[in-house]
file upload-v9.txt (compact mmCIF, N, CA and C atoms)
# COMPACT_ATOMS: atom_id res chain seq x y z
N MET A 1 74.96 115.37 80.83
CA MET A 1 74.61 114.69 82.06
C MET A 1 73.83 113.43 81.70
N HIS A 2 74.12 112.35 82.39
CA HIS A 2 73.48 111.06 82.13
C HIS A 2 72.96 110.53 83.45
N THR A 3 71.78 109.94 83.44
CA THR A 3 71.19 109.36 84.65
C THR A 3 71.15 107.85 84.51
N CYS A 4 71.47 107.17 85.59
CA CYS A 4 71.52 105.72 85.58
C CYS A 4 70.92 105.21 86.88
N ILE A 5 69.99 104.26 86.80
CA ILE A 5 69.46 103.63 88.00
C ILE A 5 70.14 102.29 88.15
N ILE A 6 70.70 102.05 89.31
CA ILE A 6 71.51 100.86 89.55
C ILE A 6 70.75 99.90 90.43
N ALA A 7 70.55 98.68 89.93
CA ALA A 7 69.83 97.68 90.70
C ALA A 7 70.79 96.71 91.37
N LYS A 8 71.77 96.22 90.64
CA LYS A 8 72.73 95.29 91.22
C LYS A 8 73.98 95.25 90.36
N LYS A 9 75.03 94.77 90.94
CA LYS A 9 76.28 94.64 90.22
C LYS A 9 76.25 93.37 89.40
N GLN A 10 76.72 93.46 88.16
CA GLN A 10 76.79 92.29 87.29
C GLN A 10 78.20 91.72 87.35
N GLY A 11 78.34 90.48 86.92
CA GLY A 11 79.64 89.83 86.91
C GLY A 11 80.62 90.56 86.02
N ALA A 12 81.85 90.64 86.46
CA ALA A 12 82.89 91.33 85.69
C ALA A 12 83.35 90.46 84.54
N GLN A 13 83.66 91.10 83.43
CA GLN A 13 84.22 90.39 82.29
C GLN A 13 85.73 90.36 82.43
N LYS A 14 86.32 89.26 82.07
CA LYS A 14 87.76 89.13 82.19
C LYS A 14 88.40 89.21 80.82
N GLY A 15 89.60 89.71 80.80
CA GLY A 15 90.35 89.83 79.55
C GLY A 15 91.75 90.27 79.88
N GLY A 16 92.42 90.87 78.92
CA GLY A 16 93.77 91.36 79.17
C GLY A 16 94.76 90.22 79.20
N SER A 17 96.02 90.53 79.45
CA SER A 17 97.05 89.52 79.40
C SER A 17 98.03 89.66 80.55
N ASN A 18 97.84 88.85 81.58
CA ASN A 18 98.77 88.85 82.70
C ASN A 18 100.13 88.31 82.28
N HIS A 19 100.13 87.39 81.31
CA HIS A 19 101.37 86.76 80.87
C HIS A 19 102.37 87.79 80.36
N GLY A 20 101.92 88.69 79.48
CA GLY A 20 102.81 89.73 78.96
C GLY A 20 103.33 90.65 80.05
N ILE A 21 102.48 90.94 81.02
CA ILE A 21 102.90 91.80 82.13
C ILE A 21 103.93 91.08 82.99
N HIS A 22 103.70 89.80 83.28
CA HIS A 22 104.67 89.02 84.07
C HIS A 22 106.02 88.97 83.35
N ASN A 23 105.98 88.76 82.03
CA ASN A 23 107.24 88.74 81.25
C ASN A 23 107.98 90.05 81.38
N ALA A 24 107.27 91.15 81.30
CA ALA A 24 107.90 92.46 81.41
C ALA A 24 108.52 92.66 82.78
N ILE A 25 107.81 92.25 83.83
CA ILE A 25 108.35 92.39 85.19
C ILE A 25 109.60 91.52 85.34
N THR A 26 109.50 90.27 84.89
CA THR A 26 110.63 89.34 84.99
C THR A 26 111.84 89.83 84.23
N ASN A 27 111.61 90.41 83.05
CA ASN A 27 112.71 90.86 82.19
C ASN A 27 113.08 92.33 82.39
N ASN A 28 112.48 92.97 83.41
CA ASN A 28 112.79 94.36 83.74
C ASN A 28 112.57 95.31 82.57
N LYS A 29 111.44 95.14 81.85
CA LYS A 29 111.13 95.94 80.67
C LYS A 29 109.85 96.74 80.85
N LYS A 30 109.77 97.85 80.15
CA LYS A 30 108.53 98.63 80.10
C LYS A 30 107.55 97.93 79.17
N ILE A 31 106.28 98.31 79.28
CA ILE A 31 105.27 97.82 78.34
C ILE A 31 104.55 99.00 77.70
N ARG A 32 103.96 98.72 76.56
CA ARG A 32 103.17 99.70 75.82
C ARG A 32 101.83 99.02 75.52
N PHE A 33 100.72 99.77 75.62
CA PHE A 33 99.41 99.17 75.41
C PHE A 33 98.36 100.23 75.13
N GLU A 34 97.24 99.77 74.58
CA GLU A 34 96.04 100.60 74.47
C GLU A 34 95.26 100.42 75.76
N TYR A 35 94.66 101.49 76.24
CA TYR A 35 93.83 101.40 77.45
C TYR A 35 92.42 101.80 77.06
N LEU A 36 91.45 100.98 77.43
CA LEU A 36 90.07 101.15 76.98
C LEU A 36 89.18 101.73 78.07
N ARG A 37 88.04 102.24 77.64
CA ARG A 37 87.02 102.75 78.55
C ARG A 37 85.65 102.47 77.95
N TRP A 38 84.63 102.51 78.79
CA TRP A 38 83.25 102.35 78.33
C TRP A 38 82.76 103.67 77.77
N ASN A 39 81.92 103.59 76.72
CA ASN A 39 81.22 104.79 76.25
C ASN A 39 79.75 104.68 76.65
N LEU A 40 78.96 105.67 76.30
CA LEU A 40 77.55 105.69 76.70
C LEU A 40 76.72 104.58 76.05
N ASP A 41 77.23 103.99 74.96
CA ASP A 41 76.56 102.87 74.30
C ASP A 41 76.98 101.52 74.88
N LYS A 42 77.69 101.55 76.01
CA LYS A 42 78.19 100.34 76.67
C LYS A 42 79.14 99.56 75.78
N LYS A 43 79.93 100.27 74.99
CA LYS A 43 80.96 99.69 74.12
C LYS A 43 82.32 100.17 74.62
N MET A 44 83.30 99.30 74.49
CA MET A 44 84.66 99.67 74.87
C MET A 44 85.30 100.46 73.73
N GLU A 45 86.03 101.53 74.08
CA GLU A 45 86.74 102.33 73.11
C GLU A 45 88.08 102.76 73.72
N ARG A 46 89.00 103.17 72.85
CA ARG A 46 90.30 103.63 73.34
C ARG A 46 90.12 104.89 74.18
N ARG A 47 90.83 104.94 75.29
CA ARG A 47 90.77 106.09 76.18
C ARG A 47 91.42 107.31 75.53
N ARG A 48 92.49 107.08 74.76
CA ARG A 48 93.18 108.16 74.05
C ARG A 48 93.88 107.58 72.84
N ASP A 49 94.25 108.43 71.90
CA ASP A 49 94.91 107.96 70.67
C ASP A 49 96.33 107.47 70.94
N LYS A 50 97.02 108.12 71.83
CA LYS A 50 98.40 107.78 72.16
C LYS A 50 98.44 106.51 73.01
N LEU A 51 99.41 105.63 72.73
CA LEU A 51 99.58 104.43 73.54
C LEU A 51 100.11 104.79 74.92
N TYR A 52 99.75 103.99 75.90
CA TYR A 52 100.29 104.14 77.24
C TYR A 52 101.62 103.41 77.29
N GLU A 53 102.58 103.96 78.00
CA GLU A 53 103.86 103.29 78.22
C GLU A 53 104.20 103.41 79.69
N VAL A 54 104.30 102.27 80.36
CA VAL A 54 104.56 102.26 81.80
C VAL A 54 105.58 101.19 82.15
N SER A 55 106.15 101.35 83.32
CA SER A 55 107.05 100.35 83.89
C SER A 55 106.24 99.51 84.88
N PRO A 56 105.98 98.26 84.55
CA PRO A 56 105.16 97.41 85.43
C PRO A 56 105.96 96.91 86.63
N TRP A 57 105.37 97.00 87.83
CA TRP A 57 106.05 96.56 89.03
C TRP A 57 105.28 95.50 89.80
N ALA A 58 103.96 95.46 89.66
CA ALA A 58 103.20 94.47 90.41
C ALA A 58 101.83 94.26 89.77
N LEU A 59 101.26 93.10 90.04
CA LEU A 59 99.87 92.81 89.71
C LEU A 59 99.14 92.54 91.02
N THR A 60 97.94 93.06 91.13
CA THR A 60 97.15 92.83 92.33
C THR A 60 95.72 92.51 91.93
N TRP A 61 95.00 91.89 92.81
CA TRP A 61 93.62 91.46 92.57
C TRP A 61 92.72 92.20 93.55
N ASP A 62 91.67 92.83 93.05
CA ASP A 62 90.71 93.49 93.94
C ASP A 62 89.33 93.45 93.29
N ASP A 63 88.32 93.10 94.06
CA ASP A 63 86.93 93.12 93.61
C ASP A 63 86.76 92.45 92.24
N GLU A 64 87.31 91.25 92.12
CA GLU A 64 87.17 90.42 90.92
C GLU A 64 87.90 90.96 89.69
N ASN A 65 88.91 91.80 89.88
CA ASN A 65 89.68 92.35 88.77
C ASN A 65 91.17 92.37 89.10
N TYR A 66 91.98 92.09 88.06
CA TYR A 66 93.43 92.27 88.18
C TYR A 66 93.78 93.71 87.85
N TYR A 67 94.75 94.25 88.58
CA TYR A 67 95.25 95.59 88.32
C TYR A 67 96.76 95.55 88.18
N LEU A 68 97.27 96.26 87.20
CA LEU A 68 98.70 96.48 87.07
C LEU A 68 99.05 97.71 87.89
N ILE A 69 100.07 97.60 88.73
CA ILE A 69 100.61 98.74 89.44
C ILE A 69 101.93 99.06 88.75
N GLY A 70 102.04 100.26 88.23
CA GLY A 70 103.23 100.60 87.47
C GLY A 70 103.64 102.05 87.66
N PHE A 71 104.78 102.36 87.09
CA PHE A 71 105.33 103.71 87.18
C PHE A 71 105.20 104.40 85.82
N ASP A 72 104.58 105.57 85.84
CA ASP A 72 104.44 106.40 84.64
C ASP A 72 105.54 107.46 84.70
N ALA A 73 106.59 107.27 83.89
CA ALA A 73 107.73 108.19 83.92
C ALA A 73 107.35 109.58 83.43
N GLU A 74 106.42 109.65 82.48
CA GLU A 74 106.00 110.94 81.94
C GLU A 74 105.39 111.83 83.02
N GLU A 75 104.64 111.22 83.95
CA GLU A 75 104.02 111.97 85.04
C GLU A 75 104.75 111.79 86.37
N ASP A 76 105.81 110.98 86.36
CA ASP A 76 106.64 110.74 87.54
C ASP A 76 105.81 110.29 88.74
N LYS A 77 104.94 109.27 88.50
CA LYS A 77 104.13 108.79 89.62
C LYS A 77 103.66 107.36 89.40
N ILE A 78 103.28 106.72 90.49
CA ILE A 78 102.74 105.37 90.47
C ILE A 78 101.27 105.46 90.06
N LYS A 79 100.87 104.55 89.15
CA LYS A 79 99.49 104.49 88.69
C LYS A 79 99.03 103.05 88.65
N HIS A 80 97.71 102.85 88.55
CA HIS A 80 97.19 101.50 88.38
C HIS A 80 96.26 101.46 87.16
N TYR A 81 96.22 100.28 86.53
CA TYR A 81 95.43 100.05 85.32
C TYR A 81 94.72 98.72 85.46
N ARG A 82 93.45 98.68 85.12
CA ARG A 82 92.72 97.43 85.16
C ARG A 82 93.14 96.58 83.97
N VAL A 83 93.61 95.38 84.22
CA VAL A 83 94.22 94.54 83.19
C VAL A 83 93.24 94.18 82.08
N ASP A 84 91.97 93.95 82.40
CA ASP A 84 91.03 93.57 81.35
C ASP A 84 90.68 94.74 80.44
N LYS A 85 91.15 95.94 80.75
CA LYS A 85 90.95 97.10 79.87
C LYS A 85 92.22 97.43 79.08
N MET A 86 93.25 96.62 79.26
CA MET A 86 94.49 96.80 78.51
C MET A 86 94.44 95.91 77.28
N ARG A 87 94.81 96.48 76.12
CA ARG A 87 94.77 95.71 74.87
C ARG A 87 96.09 95.88 74.14
N ASP A 88 96.49 94.81 73.43
CA ASP A 88 97.71 94.82 72.62
C ASP A 88 98.93 95.19 73.45
N ILE A 89 99.12 94.47 74.54
CA ILE A 89 100.26 94.70 75.42
C ILE A 89 101.52 94.21 74.72
N GLU A 90 102.54 95.08 74.68
CA GLU A 90 103.82 94.67 74.09
C GLU A 90 104.97 95.13 74.97
N LEU A 91 106.00 94.28 75.07
CA LEU A 91 107.21 94.64 75.79
C LEU A 91 108.02 95.59 74.92
N THR A 92 108.66 96.57 75.54
CA THR A 92 109.57 97.44 74.81
C THR A 92 110.99 96.97 75.08
N ASP A 93 111.95 97.60 74.45
CA ASP A 93 113.35 97.30 74.71
C ASP A 93 113.89 98.13 75.88
N ASP A 94 113.08 99.07 76.37
CA ASP A 94 113.52 99.97 77.43
C ASP A 94 113.40 99.32 78.80
N LYS A 95 114.39 99.58 79.65
CA LYS A 95 114.34 99.07 81.02
C LYS A 95 113.29 99.83 81.83
N ARG A 96 112.74 99.13 82.82
CA ARG A 96 111.75 99.75 83.70
C ARG A 96 112.37 100.92 84.46
N GLU A 97 111.50 101.87 84.77
CA GLU A 97 111.89 103.01 85.60
C GLU A 97 111.03 103.00 86.86
N GLY A 98 111.40 103.84 87.82
CA GLY A 98 110.58 104.03 89.01
C GLY A 98 110.96 103.18 90.21
N LYS A 99 112.09 102.49 90.14
CA LYS A 99 112.48 101.61 91.24
C LYS A 99 112.49 102.35 92.57
N GLU A 100 112.98 103.58 92.56
CA GLU A 100 113.06 104.35 93.80
C GLU A 100 111.67 104.61 94.41
N HIS A 101 110.64 104.68 93.57
CA HIS A 101 109.28 104.90 94.05
C HIS A 101 108.70 103.66 94.74
N PHE A 102 109.25 102.50 94.41
CA PHE A 102 108.72 101.25 94.96
C PHE A 102 109.53 100.71 96.14
N LYS A 103 110.61 101.38 96.50
CA LYS A 103 111.43 100.90 97.63
C LYS A 103 110.63 100.85 98.92
N GLN A 104 109.81 101.85 99.17
CA GLN A 104 109.01 101.91 100.40
C GLN A 104 107.52 101.69 100.11
N PHE A 105 107.21 101.11 98.95
CA PHE A 105 105.82 100.95 98.52
C PHE A 105 105.09 99.94 99.37
N ASP A 106 103.92 100.30 99.87
CA ASP A 106 103.09 99.44 100.69
C ASP A 106 101.82 99.11 99.90
N MET A 107 101.78 97.90 99.31
CA MET A 107 100.66 97.51 98.45
C MET A 107 99.33 97.56 99.20
N ALA A 108 99.31 97.10 100.44
CA ALA A 108 98.05 97.09 101.20
C ALA A 108 97.53 98.52 101.42
N ALA A 109 98.41 99.43 101.76
CA ALA A 109 98.00 100.82 101.97
C ALA A 109 97.54 101.45 100.65
N TYR A 110 98.24 101.15 99.57
CA TYR A 110 97.85 101.67 98.25
C TYR A 110 96.46 101.16 97.87
N ALA A 111 96.22 99.87 98.09
CA ALA A 111 94.92 99.29 97.75
C ALA A 111 93.80 99.91 98.57
N ARG A 112 94.04 100.12 99.85
CA ARG A 112 93.01 100.74 100.71
C ARG A 112 92.66 102.14 100.21
N MET A 113 93.65 102.87 99.74
CA MET A 113 93.43 104.25 99.30
C MET A 113 92.83 104.35 97.90
N ASN A 114 93.05 103.34 97.06
CA ASN A 114 92.70 103.48 95.65
C ASN A 114 91.61 102.57 95.12
N PHE A 115 91.29 101.50 95.80
CA PHE A 115 90.30 100.57 95.30
C PHE A 115 89.07 100.57 96.20
N GLY A 116 87.93 100.18 95.63
CA GLY A 116 86.67 100.22 96.37
C GLY A 116 86.48 99.05 97.31
N MET A 117 87.06 99.11 98.46
CA MET A 117 86.94 98.04 99.45
C MET A 117 86.07 98.52 100.61
N PHE A 118 84.80 98.65 100.35
CA PHE A 118 83.89 99.18 101.37
C PHE A 118 82.80 98.17 101.65
N GLY A 119 82.34 98.12 102.87
CA GLY A 119 81.25 97.24 103.25
C GLY A 119 80.05 98.07 103.68
N GLY A 120 78.96 97.42 103.94
CA GLY A 120 77.79 98.13 104.42
C GLY A 120 76.52 97.56 103.85
N GLU A 121 75.40 98.16 104.23
CA GLU A 121 74.08 97.72 103.80
C GLU A 121 73.83 98.12 102.34
N GLU A 122 73.22 97.22 101.57
CA GLU A 122 72.87 97.53 100.18
C GLU A 122 71.68 98.47 100.13
N VAL A 123 71.76 99.47 99.27
CA VAL A 123 70.66 100.41 99.08
C VAL A 123 70.54 100.70 97.58
N ARG A 124 69.34 101.05 97.16
CA ARG A 124 69.09 101.43 95.76
C ARG A 124 69.29 102.94 95.66
N VAL A 125 70.07 103.35 94.66
CA VAL A 125 70.37 104.77 94.49
C VAL A 125 70.13 105.20 93.05
N LYS A 126 69.91 106.47 92.86
CA LYS A 126 69.81 107.08 91.54
C LYS A 126 70.96 108.07 91.45
N LEU A 127 71.81 107.89 90.43
CA LEU A 127 72.99 108.72 90.28
C LEU A 127 72.87 109.65 89.08
N HIS A 128 73.37 110.84 89.24
CA HIS A 128 73.51 111.80 88.14
C HIS A 128 75.01 112.05 88.00
N PHE A 129 75.50 111.95 86.76
CA PHE A 129 76.94 112.10 86.57
C PHE A 129 77.24 112.66 85.20
N GLN A 130 78.45 113.18 85.05
CA GLN A 130 78.92 113.68 83.77
C GLN A 130 79.12 112.49 82.82
N ASN A 131 78.85 112.69 81.54
CA ASN A 131 78.94 111.61 80.56
C ASN A 131 80.28 110.88 80.57
N GLU A 132 81.38 111.60 80.78
CA GLU A 132 82.70 110.96 80.73
C GLU A 132 82.93 110.00 81.90
N MET A 133 82.01 109.99 82.88
CA MET A 133 82.13 109.08 84.02
C MET A 133 81.38 107.76 83.81
N VAL A 134 80.78 107.56 82.63
CA VAL A 134 79.99 106.36 82.38
C VAL A 134 80.81 105.08 82.59
N GLY A 135 82.09 105.11 82.21
CA GLY A 135 82.93 103.93 82.36
C GLY A 135 83.10 103.52 83.81
N VAL A 136 83.29 104.49 84.68
CA VAL A 136 83.44 104.20 86.10
C VAL A 136 82.18 103.52 86.64
N LEU A 137 81.01 104.05 86.24
CA LEU A 137 79.75 103.47 86.72
C LEU A 137 79.50 102.08 86.15
N LEU A 138 79.78 101.88 84.85
CA LEU A 138 79.57 100.57 84.25
C LEU A 138 80.53 99.53 84.84
N ASP A 139 81.78 99.93 85.06
CA ASP A 139 82.74 99.01 85.65
C ASP A 139 82.32 98.59 87.05
N ARG A 140 81.83 99.52 87.79
CA ARG A 140 81.51 99.27 89.18
C ARG A 140 80.17 98.55 89.36
N PHE A 141 79.17 98.93 88.57
CA PHE A 141 77.82 98.43 88.81
C PHE A 141 77.20 97.64 87.66
N GLY A 142 77.82 97.64 86.51
CA GLY A 142 77.30 96.88 85.37
C GLY A 142 76.30 97.62 84.55

call {"tool": "encode", "arguments": {"input": "upload-v9.txt", "output": "structure tokens"}}
result
Amino acid sequence: MHTCIIAKKQGAQKGGSNHGIHNAITNNKKIRFEYLRWNLDKKMERRRDKLYEVSPWALTWDDENYYLIGFDAEEDKIKHYRVDKMRDIELTDDKREGKEHFKQFDMAAYARMNFGMFGGEEVRVKLHFQNEMVGVLLDRFG
């Protein structure tokens, strides 16, 4: 368990490569990449040893971050990835999958359900969370 007192949100760091993702979408190709997360020392590390492989379908912007919206064939579902946490993006020779999942896809509805678009009065809070959630807190609050 880790405790963190949050005073204010810090500016987001930008990174990642939208260009490679756009190329994959344009050329109807899957991509492969490392996906990173924060550790308790506030350092970025690989989320898992295995590379991620997804079919990219869209890029969206929310709360000062780009997100890739893609199809994960292994789990047969639509997922999103923060672009600045993607490293070593490479196009594969494989064609994208998941077209049927995106036929009725509503980006606005997906964003409302999955991204933090909330308003309200600012308050100071003290959070207690499991160590593996440190990345979520650092991403959101700095």

call {"tool": "closest_residue", "arguments": {"input": "upload-v9.txt", "among": "A:Asn27, A:Asn18, A:Leu138, A:Tyr81", "to": "Lys42 in chain A", "atoms": "only N, CA and C atoms"}}
result
A:Leu138

call {"tool": "closest_atom_pairs", "arguments": {"input": "upload-v9.txt", "of": "range 39-134 of chain A", "to": "range 29-34 of chain A", "cutoff": "7 Å", "atoms": "all atoms listed in the file", "output": "CSV"}}
result
residue,atom,partner,partner_atom,distance
A:Arg46,CA,A:Glu34,C,6.4
A:Arg47,N,A:Glu34,C,6.3
A:Lys50,C,A:Glu34,CA,6.5
A:Leu51,CA,A:Phe33,C,4.7
A:Tyr52,N,A:Phe33,C,4.1
A:Glu53,CA,A:Arg32,CA,4.4
A:Val54,C,A:Ile31,N,4.1
A:Ser55,CA,A:Lys30,CA,4.4
A:Pro56,N,A:Lys30,CA,5.1
A:Lys85,C,A:Glu34,C,5.4
A:Met86,CA,A:Glu34,C,4.6
A:Arg87,N,A:Glu34,C,4.0
A:Asp88,C,A:Phe33,CA,4.5
A:Ile89,CA,A:Phe33,CA,4.6
A:Glu90,C,A:Arg32,N,4.1
A:Leu91,CA,A:Ile31,CA,4.5
A:Thr92,N,A:Lys30,C,4.0
A:Asp93,C,A:Lys30,N,5.9
A:Asp94,C,A:Lys30,N,4.1
A:Lys95,C,A:Lys30,N,4.4
A:Arg96,N,A:Lys29,CA,4.2
A:Glu97,N,A:Lys30,N,6.4

call {"tool": "atom_distance", "arguments": {"input": "upload-v9.txt", "atom1": "CA of Val83 in chain A", "atom2": "atom N of Trp38 in chain A"}}
result
13.2 Å

call {"tool": "closest_residue", "arguments": {"input": "upload-v9.txt", "among": "A:Tyr66, A:Gln130, A:Asp49, A:His101", "to": "Ile78 in chain A", "atoms": "only N, CA and C atoms"}}
result
A:His101

call {"tool": "atom_distance", "arguments": {"input": "upload-v9.txt", "atom1": "CA of Trp61 in chain A", "atom2": "CA of Gln104 in chain A"}}
result
20.2 Å

call {"tool": "atom_distance", "arguments": {"input": "upload-v9.txt", "atom1": "atom C of Asp106 in chain A", "atom2": "atom C of Met133 in chain A"}}
result
27.4 Å

call {"tool": "closest_residue", "arguments": {"input": "upload-v9.txt", "among": "A:Asn28, A:Ile69, A:Glu45, A:Asp62", "to": "Arg140 in chain A", "atoms": "only C-alpha atoms"}}
result
A:Asp62

call {"tool": "residues_near_point", "arguments": {"input": "upload-v9.txt", "point": "(97.1, 100.8, 86.3)", "cutoff": "6.5 Å", "atoms": "all atoms listed in the file", "output": "list in words"}}
result
Tyr67, Leu68, Ile69, Gly70, Lys79, His80, Tyr81 and Arg82 of chain A

call {"tool": "select_by_dssp", "arguments": {"input": "upload-v9.txt", "residues": "chain A", "states": "alpha helix (DSSP H)", "output": "NGL selection string"}}
result
:A and (18-26 or 99-102 or 107-114 or 134-141)

call {"tool": "write_last_selection", "arguments": {"input": "upload-v9.txt", "atoms": "N, CA and C atoms", "output": "short mmCIF file (atom, residue, chain, number, x, y, z; two decimals), in the coordinates of the input"}}
result
data_model
loop_
_atom_site.label_atom_id
_atom_site.label_comp_id
_atom_site.auth_asym_id
_atom_site.auth_seq_id
_atom_site.Cartn_x
_atom_site.Cartn_y
_atom_site.Cartn_z
N ASN A 18 97.84 88.85 81.58
CA ASN A 18 98.77 88.85 82.70
C ASN A 18 100.13 88.31 82.28
N HIS A 19 100.13 87.39 81.31
CA HIS A 19 101.37 86.76 80.87
C HIS A 19 102.37 87.79 80.36
N GLY A 20 101.92 88.69 79.48
CA GLY A 20 102.81 89.73 78.96
C GLY A 20 103.33 90.65 80.05
N ILE A 21 102.48 90.94 81.02
CA ILE A 21 102.90 91.80 82.13
C ILE A 21 103.93 91.08 82.99
N HIS A 22 103.70 89.80 83.28
CA HIS A 22 104.67 89.02 84.07
C HIS A 22 106.02 88.97 83.35
N ASN A 23 105.98 88.76 82.03
CA ASN A 23 107.24 88.74 81.25
C ASN A 23 107.98 90.05 81.38
N ALA A 24 107.27 91.15 81.30
CA ALA A 24 107.90 92.46 81.41
C ALA A 24 108.52 92.66 82.78
N ILE A 25 107.81 92.25 83.83
CA ILE A 25 108.35 92.39 85.19
C ILE A 25 109.60 91.52 85.34
N THR A 26 109.50 90.27 84.89
CA THR A 26 110.63 89.34 84.99
C THR A 26 111.84 89.83 84.23
N LYS A 99 112.09 102.49 90.14
CA LYS A 99 112.48 101.61 91.24
C LYS A 99 112.49 102.35 92.57
N GLU A 100 112.98 103.58 92.56
CA GLU A 100 113.06 104.35 93.80
C GLU A 100 111.67 104.61 94.41
N HIS A 101 110.64 104.68 93.57
CA HIS A 101 109.28 104.90 94.05
C HIS A 101 108.70 103.66 94.74
N PHE A 102 109.25 102.50 94.41
CA PHE A 102 108.72 101.25 94.96
C PHE A 102 109.53 100.71 96.14
N MET A 107 101.78 97.90 99.31
CA MET A 107 100.66 97.51 98.45
C MET A 107 99.33 97.56 99.20
N ALA A 108 99.31 97.10 100.44
CA ALA A 108 98.05 97.09 101.20
C ALA A 108 97.53 98.52 101.42
N ALA A 109 98.41 99.43 101.76
CA ALA A 109 98.00 100.82 101.97
C ALA A 109 97.54 101.45 100.65
N TYR A 110 98.24 101.15 99.57
CA TYR A 110 97.85 101.67 98.25
C TYR A 110 96.46 101.16 97.87
N ALA A 111 96.22 99.87 98.09
CA ALA A 111 94.92 99.29 97.75
C ALA A 111 93.80 99.91 98.57
N ARG A 112 94.04 100.12 99.85
CA ARG A 112 93.01 100.74 100.71
C ARG A 112 92.66 102.14 100.21
N MET A 113 93.65 102.87 99.74
CA MET A 113 93.43 104.25 99.30
C MET A 113 92.83 104.35 97.90
N ASN A 114 93.05 103.34 97.06
CA ASN A 114 92.70 103.48 95.65
C ASN A 114 91.61 102.57 95.12
N VAL A 134 80.78 107.56 82.63
CA VAL A 134 79.99 106.36 82.38
C VAL A 134 80.81 105.08 82.59
N GLY A 135 82.09 105.11 82.21
CA GLY A 135 82.93 103.93 82.36
C GLY A 135 83.10 103.52 83.81
N VAL A 136 83.29 104.49 84.68
CA VAL A 136 83.44 104.20 86.10
C VAL A 136 82.18 103.52 86.64
N LEU A 137 81.01 104.05 86.24
CA LEU A 137 79.75 103.47 86.72
C LEU A 137 79.50 102.08 86.15
N LEU A 138 79.78 101.88 84.85
CA LEU A 138 79.57 100.57 84.25
C LEU A 138 80.53 99.53 84.84
N ASP A 139 81.78 99.93 85.06
CA ASP A 139 82.74 99.01 85.65
C ASP A 139 82.32 98.59 87.05
N ARG A 140 81.83 99.52 87.79
CA ARG A 140 81.51 99.27 89.18
C ARG A 140 80.17 98.55 89.36
N PHE A 141 79.17 98.93 88.57
CA PHE A 141 77.82 98.43 88.81
C PHE A 141 77.20 97.64 87.66
#

call {"tool": "select_by_dssp", "arguments": {"input": "upload-v9.txt", "residues": "range 38-89 of chain A", "states": "strand (DSSP E)", "output": "PyMOL selection string"}}
result
chain A and resi 38+44-46+52-62+65-72+77-82+86-89

call {"tool": "closest_residue", "arguments": {"input": "upload-v9.txt", "among": "A:Asp139, A:Glu100, A:Arg124, A:Lys77", "to": "Asp63 in chain A", "atoms": "only C-alpha atoms"}}
result
A:Asp139
